[in-house]
$ cat run.cif   # mmCIF, C-alpha atoms
data_data
#
loop_
_atom_site.label_atom_id
_atom_site.label_comp_id
_atom_site.auth_asym_id
_atom_site.auth_seq_id
_atom_site.Cartn_x
_atom_site.Cartn_y
_atom_site.Cartn_z
CA MET A 1 -2.86 -137.20 -27.80
CA ASP A 2 -0.66 -136.61 -24.81
CA HIS A 3 0.12 -132.88 -24.35
CA ALA A 4 3.87 -133.50 -23.93
CA VAL A 5 3.98 -135.39 -27.21
CA THR A 6 2.17 -132.53 -29.00
CA GLN A 7 4.64 -129.95 -27.73
CA HIS A 8 7.55 -132.09 -28.86
CA LEU A 9 6.16 -132.35 -32.38
CA MET A 10 5.45 -128.57 -32.69
CA LYS A 11 8.84 -127.42 -31.37
CA PRO A 12 10.66 -127.42 -34.76
CA LEU A 13 7.86 -125.39 -36.29
CA ASN A 14 8.16 -122.76 -33.59
CA ASN A 15 11.93 -122.34 -34.15
CA SER A 16 12.49 -119.00 -36.09
CA ARG A 17 16.26 -119.19 -36.30
CA GLY A 18 16.20 -120.73 -39.80
CA ALA A 19 13.79 -118.09 -41.14
CA ALA A 20 15.90 -115.30 -39.71
CA ALA A 21 18.95 -116.68 -41.49
CA VAL A 22 17.12 -116.64 -44.80
CA MET A 23 15.93 -113.08 -44.22
CA VAL A 24 19.46 -111.94 -43.34
CA ALA A 25 20.84 -113.54 -46.49
CA VAL A 26 18.22 -111.87 -48.68
CA THR A 27 18.71 -108.52 -46.96
CA MET A 28 22.49 -108.70 -47.32
CA THR A 29 22.14 -109.46 -51.03
CA VAL A 30 19.89 -106.45 -51.51
CA LEU A 31 22.16 -104.20 -49.47
CA LEU A 32 25.20 -105.42 -51.40
CA ALA A 33 23.45 -104.72 -54.69
CA MET A 34 22.52 -101.24 -53.48
CA ALA A 35 26.08 -100.60 -52.34
CA ALA A 36 27.38 -101.84 -55.68
CA ALA A 37 24.99 -99.51 -57.48
CA ALA A 38 25.96 -96.54 -55.33
CA ILE A 39 29.69 -97.09 -55.66
CA ASP A 40 29.81 -98.09 -59.31
CA ILE A 41 27.28 -95.53 -60.50
CA GLY A 42 29.14 -92.86 -58.58
CA HIS A 43 32.39 -93.99 -60.17
CA ALA A 44 30.79 -93.90 -63.64
CA LEU A 45 29.42 -90.40 -63.02
CA VAL A 46 32.85 -89.14 -62.01
CA ALA A 47 34.29 -90.72 -65.16
CA ARG A 48 31.57 -89.09 -67.23
CA ASN A 49 32.46 -85.67 -65.82
CA GLU A 50 36.08 -86.34 -66.68
CA LEU A 51 35.09 -87.36 -70.20
CA GLN A 52 33.06 -84.16 -70.48
CA ASP A 53 36.12 -82.12 -69.55
CA ALA A 54 38.09 -83.90 -72.26
CA ALA A 55 35.31 -83.34 -74.81
CA ASP A 56 35.07 -79.65 -73.91
CA ALA A 57 38.81 -79.16 -74.19
CA GLY A 58 39.00 -81.09 -77.46
CA ALA A 59 36.09 -79.22 -79.06
CA LEU A 60 37.56 -75.85 -78.10
CA ALA A 61 40.97 -76.84 -79.44
CA GLY A 62 39.47 -78.07 -82.70
CA ALA A 63 37.36 -74.95 -83.21
CA ARG A 64 40.33 -72.76 -82.40
CA ALA A 65 42.38 -74.61 -85.03
CA LEU A 66 39.55 -73.87 -87.48
CA GLY A 67 39.66 -70.21 -86.44
CA VAL A 68 43.39 -70.05 -87.07
CA LEU A 69 42.78 -71.35 -90.60
CA TYR A 70 40.35 -68.50 -91.22
CA GLU A 71 42.77 -65.96 -89.80
CA GLY A 72 45.18 -66.74 -92.61
CA MET A 73 42.62 -66.01 -95.36
CA THR A 74 41.51 -62.92 -97.20
CA PRO A 75 37.85 -61.92 -96.80
CA ALA A 76 37.17 -63.19 -100.32
CA ALA A 77 38.72 -66.57 -99.52
CA MET A 78 36.68 -66.84 -96.31
CA GLY A 79 33.45 -66.48 -98.27
CA THR A 80 34.28 -69.35 -100.63
CA TYR A 81 36.27 -71.60 -98.31
CA GLN A 82 35.75 -75.34 -98.46
CA LEU A 83 37.31 -77.54 -95.82
CA SER A 84 40.07 -79.65 -97.34
CA GLY A 85 41.19 -83.05 -96.15
CA GLY A 86 44.41 -81.55 -94.89
CA ASP A 87 42.63 -78.84 -92.91
CA ALA A 88 40.24 -81.43 -91.46
CA GLY A 89 43.29 -83.45 -90.40
CA THR A 90 44.74 -80.39 -88.68
CA ILE A 91 41.53 -79.92 -86.71
CA VAL A 92 41.28 -83.61 -85.75
CA THR A 93 44.90 -83.59 -84.59
CA ALA A 94 44.23 -80.53 -82.42
CA VAL A 95 41.25 -82.31 -80.86
CA GLN A 96 43.12 -85.53 -80.19
CA SER A 97 46.30 -83.95 -78.84
CA THR A 98 44.28 -81.85 -76.39
CA ALA A 99 41.81 -84.52 -75.27
CA VAL A 100 44.55 -87.02 -74.47
CA LEU A 101 45.92 -84.64 -71.86
CA ASN A 102 42.80 -85.46 -69.83
CA ALA A 103 42.08 -88.73 -68.03
CA ALA A 104 38.78 -90.46 -67.31
CA ALA A 105 38.80 -93.12 -64.58
CA GLY A 106 42.58 -93.23 -64.77
CA VAL A 107 42.84 -93.64 -68.55
CA ASN A 108 44.06 -90.83 -70.81
CA VAL A 109 41.29 -90.04 -73.27
CA THR A 110 41.93 -90.85 -76.91
CA VAL A 111 39.41 -89.62 -79.47
CA ASN A 112 38.63 -91.55 -82.63
CA ALA A 113 38.83 -89.49 -85.82
CA GLY A 114 35.26 -90.59 -86.57
CA ASP A 115 34.10 -88.97 -83.33
CA VAL A 116 35.11 -85.51 -84.57
CA GLN A 117 32.53 -83.69 -86.69
CA ILE A 118 33.13 -80.36 -88.44
CA GLY A 119 30.23 -78.30 -89.74
CA LEU A 120 27.51 -75.83 -88.81
CA TRP A 121 25.71 -75.72 -85.47
CA ASP A 122 21.98 -75.03 -85.31
CA SER A 123 21.24 -73.44 -81.95
CA ALA A 124 17.47 -73.93 -82.38
CA THR A 125 17.63 -77.70 -82.87
CA ARG A 126 20.93 -78.09 -81.01
CA THR A 127 22.39 -80.22 -83.76
CA LEU A 128 25.54 -80.07 -85.86
CA THR A 129 25.30 -80.66 -89.59
CA PRO A 130 28.62 -81.76 -91.11
CA THR A 131 29.66 -79.63 -94.09
CA VAL A 132 32.83 -78.53 -95.85
CA ASN A 133 31.30 -75.17 -96.85
CA GLN A 134 32.50 -72.43 -94.46
CA PRO A 135 32.21 -74.62 -91.33
CA ARG A 136 32.12 -72.85 -87.98
CA ALA A 137 31.76 -75.61 -85.38
CA VAL A 138 33.51 -78.74 -84.14
CA ARG A 139 31.71 -81.52 -82.21
CA VAL A 140 33.66 -84.11 -80.23
CA ILE A 141 32.50 -87.38 -78.65
CA THR A 142 34.64 -88.87 -75.90
CA ARG A 143 34.19 -92.49 -74.77
CA ARG A 144 35.00 -95.16 -72.29
CA ASP A 145 33.50 -98.10 -74.15
CA GLY A 146 34.41 -100.78 -76.63
CA ALA A 147 35.05 -98.21 -79.36
CA ALA A 148 37.64 -96.14 -77.48
CA ASN A 149 39.54 -96.34 -74.19
CA GLY A 150 37.68 -99.46 -73.01
CA PRO A 151 34.62 -99.72 -70.75
CA ILE A 152 34.90 -98.85 -67.06
CA SER A 153 35.33 -101.89 -64.79
CA THR A 154 32.96 -102.16 -61.84
CA PHE A 155 33.91 -102.76 -58.20
CA LEU A 156 30.95 -104.52 -56.62
CA ALA A 157 28.39 -104.74 -59.39
CA SER A 158 30.10 -107.88 -60.66
CA VAL A 159 28.35 -109.63 -57.79
CA VAL A 160 25.11 -109.19 -59.72
CA GLY A 161 26.73 -109.92 -63.09
CA ILE A 162 27.70 -106.40 -64.21
CA THR A 163 31.44 -106.34 -64.80
CA SER A 164 31.75 -103.07 -66.75
CA VAL A 165 29.81 -99.98 -67.90
CA ASN A 166 30.00 -97.87 -71.05
CA VAL A 167 30.14 -94.09 -70.73
CA SER A 168 30.28 -91.40 -73.40
CA THR A 169 29.66 -87.69 -73.72
CA ALA A 170 29.87 -84.91 -76.31
CA ALA A 171 30.74 -81.24 -76.64
CA THR A 172 30.49 -78.68 -79.44
CA ALA A 173 32.47 -75.48 -79.80
CA GLU A 174 31.57 -72.81 -82.33
CA LEU A 175 33.04 -69.68 -83.86
CA THR A 176 30.10 -67.52 -82.85
CA ALA A 177 29.06 -64.14 -84.20
CA ILE A 178 30.94 -61.28 -82.61
CA GLY A 179 29.07 -59.59 -79.81
CA SER A 180 31.49 -56.74 -79.17
CA THR A 181 34.35 -54.84 -80.78
CA PRO A 182 37.57 -53.50 -79.28
CA PRO A 183 38.68 -49.90 -79.81
CA GLY A 184 39.53 -49.20 -83.44
CA ALA A 185 37.65 -52.19 -84.88
CA LEU A 186 34.81 -50.25 -86.50
CA ASP A 187 35.92 -48.90 -89.86
CA LEU A 188 33.29 -46.45 -91.05
CA PRO A 189 30.93 -43.92 -89.39
CA VAL A 190 27.96 -45.57 -91.08
CA ALA A 191 25.64 -48.23 -89.65
CA ILE A 192 22.98 -50.35 -91.34
CA SER A 193 19.52 -51.20 -90.09
CA GLN A 194 18.64 -54.72 -89.06
CA LEU A 195 15.75 -54.28 -91.52
CA PHE A 196 18.25 -55.13 -94.29
CA PHE A 197 18.57 -58.65 -92.95
CA SER A 198 14.82 -59.22 -93.06
CA GLN A 199 15.06 -59.74 -96.84
CA TYR A 200 18.75 -59.72 -97.72
CA GLY A 201 22.01 -61.13 -96.44
CA CYS A 202 25.34 -62.59 -97.55
CA GLY A 203 26.42 -61.53 -101.01
CA ASP A 204 23.59 -59.06 -101.51
CA SER A 205 24.25 -55.50 -102.59
CA ILE A 206 23.45 -52.62 -100.29
CA MET A 207 23.17 -48.88 -100.82
CA LEU A 208 24.38 -47.11 -97.71
CA TYR A 209 23.55 -43.75 -99.24
CA PRO A 210 21.17 -42.44 -100.34
CA SER A 211 18.80 -44.29 -98.05
CA ASN A 212 15.48 -44.56 -99.87
CA GLY A 213 13.42 -46.40 -97.25
CA ASN A 214 13.44 -49.94 -98.60
CA PRO A 215 15.35 -52.73 -96.86
CA GLN A 216 18.14 -52.81 -99.45
CA SER A 217 18.86 -49.14 -98.79
CA CYS A 218 18.39 -48.56 -95.08
CA ALA A 219 21.35 -47.07 -93.25
CA GLY A 220 22.48 -43.96 -91.44
CA PHE A 221 25.48 -41.82 -90.55
CA THR A 222 26.78 -42.19 -87.00
CA THR A 223 29.26 -40.20 -84.96
CA PHE A 224 29.66 -43.29 -82.80
CA THR A 225 29.36 -42.19 -79.16
CA GLN A 226 30.18 -38.52 -79.79
CA SER A 227 27.66 -35.71 -79.42
CA PRO A 228 26.38 -33.58 -80.95
CA SER A 229 25.86 -35.86 -83.92
CA ASN A 230 26.12 -33.43 -86.80
CA ASP A 231 28.10 -32.58 -89.93
CA VAL A 232 31.02 -30.97 -88.08
CA THR A 233 31.45 -33.89 -85.70
CA MET A 234 31.26 -36.31 -88.62
CA ARG A 235 33.93 -34.43 -90.58
CA ASN A 236 36.26 -34.31 -87.56
CA ILE A 237 35.90 -38.06 -87.11
CA LEU A 238 36.59 -38.76 -90.79
CA ASN A 239 39.67 -36.50 -90.87
CA GLY A 240 40.91 -38.08 -87.65
CA MET A 241 40.49 -41.58 -89.12
CA ILE A 242 42.45 -40.54 -92.22
CA ALA A 243 45.23 -39.00 -90.12
CA GLY A 244 45.28 -41.89 -87.65
CA THR A 245 44.45 -39.62 -84.73
CA TYR A 246 40.93 -40.93 -84.10
CA THR A 247 40.14 -44.40 -82.76
CA THR A 248 36.63 -45.70 -83.02
CA PRO A 249 35.21 -46.69 -79.61
CA ALA A 250 34.74 -50.15 -78.17
CA THR A 251 31.14 -51.31 -78.48
CA THR A 252 28.91 -54.14 -77.28
CA ALA A 253 25.82 -55.37 -79.06
CA GLY A 254 22.72 -54.91 -76.96
CA VAL A 255 24.50 -52.47 -74.65
CA THR A 256 26.03 -49.61 -76.64
CA ASP A 257 23.95 -46.77 -78.05
CA LEU A 258 25.38 -44.92 -81.05
CA GLN A 259 24.55 -41.36 -81.99
CA PHE A 260 22.98 -40.87 -85.43
CA THR A 261 22.46 -37.83 -87.61
CA ASN A 262 20.03 -37.69 -90.51
CA GLY A 263 21.12 -34.25 -91.67
CA THR A 264 22.72 -33.45 -95.03
CA LEU A 265 26.49 -33.70 -95.13
CA SER A 266 28.41 -30.76 -96.47
CA ASN A 267 30.75 -31.02 -99.47
CA PRO A 268 33.87 -30.91 -97.23
CA THR A 269 32.49 -33.84 -95.19
CA TRP A 270 31.69 -35.82 -98.33
CA ASN A 271 35.21 -35.12 -99.59
CA ALA A 272 36.61 -36.47 -96.33
CA LEU A 273 34.49 -39.61 -96.73
CA VAL A 274 35.77 -40.11 -100.30
CA ASN A 275 39.35 -39.58 -99.10
CA LEU A 276 38.88 -42.22 -96.37
CA PHE A 277 37.58 -44.71 -98.95
CA ASN A 278 40.52 -44.00 -101.28
CA ALA A 279 42.95 -44.49 -98.40
CA ARG A 280 41.43 -47.82 -97.31
CA LYS A 281 40.44 -49.55 -100.55
CA ASP A 282 42.60 -52.37 -101.88
CA ALA A 283 44.14 -52.84 -105.31
CA ASN A 284 40.78 -54.01 -106.63
CA GLY A 285 39.04 -50.88 -105.42
CA VAL A 286 37.22 -52.65 -102.57
CA TRP A 287 37.19 -51.62 -98.92
CA ASP A 288 36.12 -54.31 -96.44
CA ALA A 289 34.59 -52.25 -93.66
CA LEU A 290 33.20 -53.55 -90.38
CA VAL A 291 30.07 -51.56 -89.49
CA PRO A 292 27.45 -51.77 -86.72
CA VAL A 293 23.91 -53.02 -87.24
CA TYR A 294 21.41 -50.84 -85.39
CA GLN A 295 18.10 -51.78 -83.86
CA GLY A 296 14.83 -51.18 -85.66
CA ASP A 297 13.80 -50.36 -89.21
CA ALA A 298 14.37 -46.60 -89.34
CA CYS A 299 16.03 -45.67 -92.63
CA ASN A 300 16.74 -42.10 -91.52
CA PRO A 301 17.97 -42.76 -87.98
CA SER A 302 18.47 -39.90 -85.57
CA GLY A 303 19.59 -39.63 -81.97
CA ALA A 304 20.74 -42.48 -79.73
CA ILE A 305 19.94 -45.98 -81.04
CA PRO A 306 21.16 -49.33 -79.64
CA ILE A 307 23.29 -51.53 -81.84
CA VAL A 308 22.41 -55.21 -82.14
CA GLY A 309 25.37 -56.66 -84.03
CA TYR A 310 27.96 -56.18 -86.76
CA ALA A 311 28.27 -56.74 -90.49
CA ASN A 312 31.02 -56.48 -93.07
CA ILE A 313 30.43 -54.35 -96.14
CA ALA A 314 32.69 -54.73 -99.16
CA ILE A 315 32.39 -51.10 -100.25
CA THR A 316 32.94 -50.69 -103.97
CA ASN A 317 32.26 -47.00 -104.46
CA VAL A 318 32.00 -43.78 -102.47
CA HIS A 319 31.05 -40.81 -104.60
CA GLY A 320 30.67 -37.28 -103.31
CA GLN A 321 28.34 -34.50 -104.33
CA PRO A 322 26.66 -34.12 -106.71
CA GLY A 323 25.00 -37.51 -106.87
CA ALA A 324 26.54 -38.73 -103.60
CA THR A 325 26.46 -42.52 -103.18
CA ILE A 326 27.95 -45.24 -101.01
CA VAL A 327 27.44 -48.76 -102.35
CA GLY A 328 28.80 -52.20 -101.65
CA ASN A 329 27.98 -55.80 -100.85
CA VAL A 330 27.41 -57.58 -97.57
CA SER A 331 30.26 -60.09 -97.48
CA CYS A 332 30.12 -63.10 -95.21
CA PRO A 333 30.99 -65.23 -93.56
CA LEU A 334 33.85 -63.09 -92.32
CA PHE A 335 36.07 -64.21 -89.45
CA GLN A 336 38.18 -61.86 -87.38
CA SER A 337 40.44 -62.26 -84.40
CA GLY A 338 39.68 -60.46 -81.17
CA GLY A 339 36.38 -59.36 -79.78
CA VAL A 340 33.89 -61.47 -77.91
CA GLY A 341 31.48 -63.94 -79.47
CA GLY A 342 27.90 -64.76 -78.64
CA GLY A 343 26.24 -61.99 -80.65
CA PRO A 344 23.45 -62.18 -83.24
CA ALA A 345 24.61 -63.60 -86.56
CA TYR A 346 24.92 -60.90 -89.22
CA GLY A 347 27.81 -62.61 -90.97
CA VAL A 348 30.86 -61.61 -88.90
CA PHE A 349 32.32 -64.20 -86.55
CA THR A 350 35.12 -64.35 -84.04
CA THR A 351 37.97 -66.84 -84.41
CA LEU A 352 37.95 -67.44 -80.65
CA PRO A 353 35.50 -70.32 -80.03
CA GLY A 354 32.93 -70.79 -77.31
CA LEU A 355 31.16 -73.92 -76.08
CA VAL A 356 27.58 -74.26 -77.31
CA GLU A 357 27.00 -77.87 -76.21
#
$ encode --input "run.cif" --output "structure tokens"
Amino acid sequence: MDHAVTQHLMKPLNNSRGAAAVMVAVTMTVLLAMAAAAIDIGHALVARNELQDAADAGALAGARALGVLYEGMTPAAMGTYQLSGGDAGTIVTAVQSTAVLNAAAGVNVTVNAGDVQIGLWDSATRTLTPTVNQPRAVRVITRRDGAANGPISTFLASVVGITSVNVSTAATAELTAIGSTPPGALDLPVAISQLFFSQYGCGDSIMLYPSNGNPQSCAGFTTFTQSPSNDVTMRNILNGMIAGTYTTPATTAGVTDLQFTNGTLSNPTWNALVNLFNARKDANGVWDALVPVYQGDACNPSGAIPIVGYANIAITNVHGQPGATIVGNVSCPLFQSGGVGGGPAYGVFTTLPGLVE
């Protein structure tokens, strides 16, 4: 075949302009999809952060509303409280009215009542179990989806058929165990060993004195942070508490060491202890006293010992010599205002919530 004819026939096959156009089209589609993903995913992530802020705020508001409910109760009522429908409504309203002050992707966040759970938080499994029995936590789900506030519209992803995305998040706030006490919060110069809680707990009786070495009777006299820790110091503290001239010190679990004495108290000191009980007990003869829980299992503590938490003792009797005794019951859950949460749970909780999820 003539060479000129061959070249003429092969010329279209050697033309790469058509292939380049196809490659450009494919590349542009891929780049557009990547740009859509970057922009729309980024937009969804920003919205998710905004939803998280709303969930955090709503959970804290709901748990605080729960704390306020507890603040209006007696210790006895706290221990038997069951969440009523009206109280649940108060908590849900607090959640919703706070969350809606926040916006996610330009939409104020409304929270469905069904997305508010009230119950007990398990820090080990990181789950909330709904319950009406002495609840301490509120979990809130915030959404931008078909169930609430509508899904988030996309900008460029619609090119590849994605017109909207669903986003949701959750937060839990809890009334945690108190981890510190302000000045004047501790009520009695007696502390109990954490050994008690190895076998006993809420509602169980406890003998603060005499301490006989078993978990149900394992406690000690403390002069708080004052030294020397002895009978005279103890009596001065007791008389000062009766007169209103002594304020118990601020303490922090895991940080503060208290001074303990395992000596025998004199009759005048026992009389002062009885007088303090008589001054503080209620009409039913019960004194709800907040006391520290000290580290270890020593039932005759002496010297400086760290405290690890706090418990409430409903003291029912303080009897001086002869036959001196201090007896009561560990009452919980007990909720009190003030202080800082985050401490080990020995039955006393703050009414100021903290985020746990």
$ residues_around --input "run.cif" --residues "stretch 191-194 of chain A" --least-positions-apart "5" --cutoff "9 Å" --atoms "all atoms listed in the file" --output "PyMOL selection string"
chain A and resi 208+215+217-222+260+291-299+301+307-311+346
$ resolve_selection --input "run.cif" --expression "the PyMOL selection byres ((chain A and resi 167) around 12)" --output "PyMOL selection string"
chain A and resi 41+43-52+104-105+141-153+164-166+168-170
$ resolve_selection --input "run.cif" --expression "the PyMOL selection byres ((chain A and resi 111) around 9)" --output "PyMOL selection string"
chain A and resi 55+58+92+95-97+99-100+109-110+112-116+140-143+148-149
$ closest_residue --input "run.cif" --among "A:Thr172, A:Thr261, A:Thr129, A:Thr252" --to "A:Gly343" --atoms "all atoms listed in the file"
A:Thr252
$ resolve_selection --input "run.cif" --expression "the PyMOL selection byres ((chain A and resi 75) around 10)" --output "list in words"
Tyr70, Glu71, Gly72, Met73, Thr74, Ala76, Ala77, Met78, Gly79, Thr80, Tyr81, Asp288, Asn312, Ala314, Ser331, Cys332, Pro333, Leu334, Phe335 and Gln336 of chain A
$ residues_around --input "run.cif" --residues "stretch 235-251 of chain A" --least-positions-apart "2" --cutoff "9 Å" --atoms "only C-alpha atoms" --output "PyMOL selection string"
chain A and resi 179-189+223-225+230-233+253+255-258+265-266+268-270+272-273+275-276+279-280+307
$ atom_distance --input "run.cif" --atom1 "atom CA of A:Ser84" --atom2 "atom CA of A:Thr176"
21.4 Å
$ closest_residue --input "run.cif" --among "A:Gly347, A:Pro306, A:Gly254, A:Pro353" --to "A:Asp204" --atoms "only C-alpha atoms"
A:Gly347
$ atom_distance --input "run.cif" --atom1 "atom CA of A:Leu101" --atom2 "atom CA of A:Thr350"
26.0 Å
$ axis_aligned_box --input "run.cif" --around "stretch 121-139 of chain A" --padding-each-side "5 Å" --output "lines of an AutoDock Vina configuration file"
center_x = 25.5
center_y = -77.1
center_z = -88.9
size_x = 26.0
size_y = 19.3
size_z = 25.8
$ atom_distance --input "run.cif" --atom1 "atom CA of A:Leu69" --atom2 "atom CA of A:Thr93"
13.8 Å
$ residues_around --input "run.cif" --residues "A:Ala61" --least-positions-apart "3" --cutoff "8 Å" --atoms "all atoms listed in the file" --output "ChimeraX atom specification"
/A:57-58,64-65,91,94-95,98
$ write_last_selection --input "run.cif" --atoms "C-alpha atoms" --output "JSON list (two decimals), in the coordinates of the input"
[["chain", "number", "residue", "atom", "x", "y", "z"],
["A", 57, "ALA", "CA", 38.81, -79.16, -74.19],
["A", 58, "GLY", "CA", 39.00, -81.09, -77.46],
["A", 64, "ARG", "CA", 40.33, -72.76, -82.40],
["A", 65, "ALA", "CA", 42.38, -74.61, -85.03],
["A", 91, "ILE", "CA", 41.53, -79.92, -86.71],
["A", 94, "ALA", "CA", 44.23, -80.53, -82.42],
["A", 95, "VAL", "CA", 41.25, -82.31, -80.86],
["A", 98, "THR", "CA", 44.28, -81.85, -76.39]]
$ residues_around --input "run.cif" --residues "A:Val132" --least-positions-apart "2" --cutoff "10 Å" --atoms "all atoms listed in the file" --output "PyMOL selection string"
chain A and resi 81-85+88+118-120+130+134-136
$ write_last_selection --input "run.cif" --atoms "C-alpha atoms" --output "tab-separated table (two decimals), in the frame of the given file"
chain	number	residue	atom	x	y	z
A	81	TYR	CA	36.27	-71.60	-98.31
A	82	GLN	CA	35.75	-75.34	-98.46
A	83	LEU	CA	37.31	-77.54	-95.82
A	84	SER	CA	40.07	-79.65	-97.34
A	85	GLY	CA	41.19	-83.05	-96.15
A	88	ALA	CA	40.24	-81.43	-91.46
A	118	ILE	CA	33.13	-80.36	-88.44
A	119	GLY	CA	30.23	-78.30	-89.74
A	120	LEU	CA	27.51	-75.83	-88.81
A	130	PRO	CA	28.62	-81.76	-91.11
A	134	GLN	CA	32.50	-72.43	-94.46
A	135	PRO	CA	32.21	-74.62	-91.33
A	136	ARG	CA	32.12	-72.85	-87.98
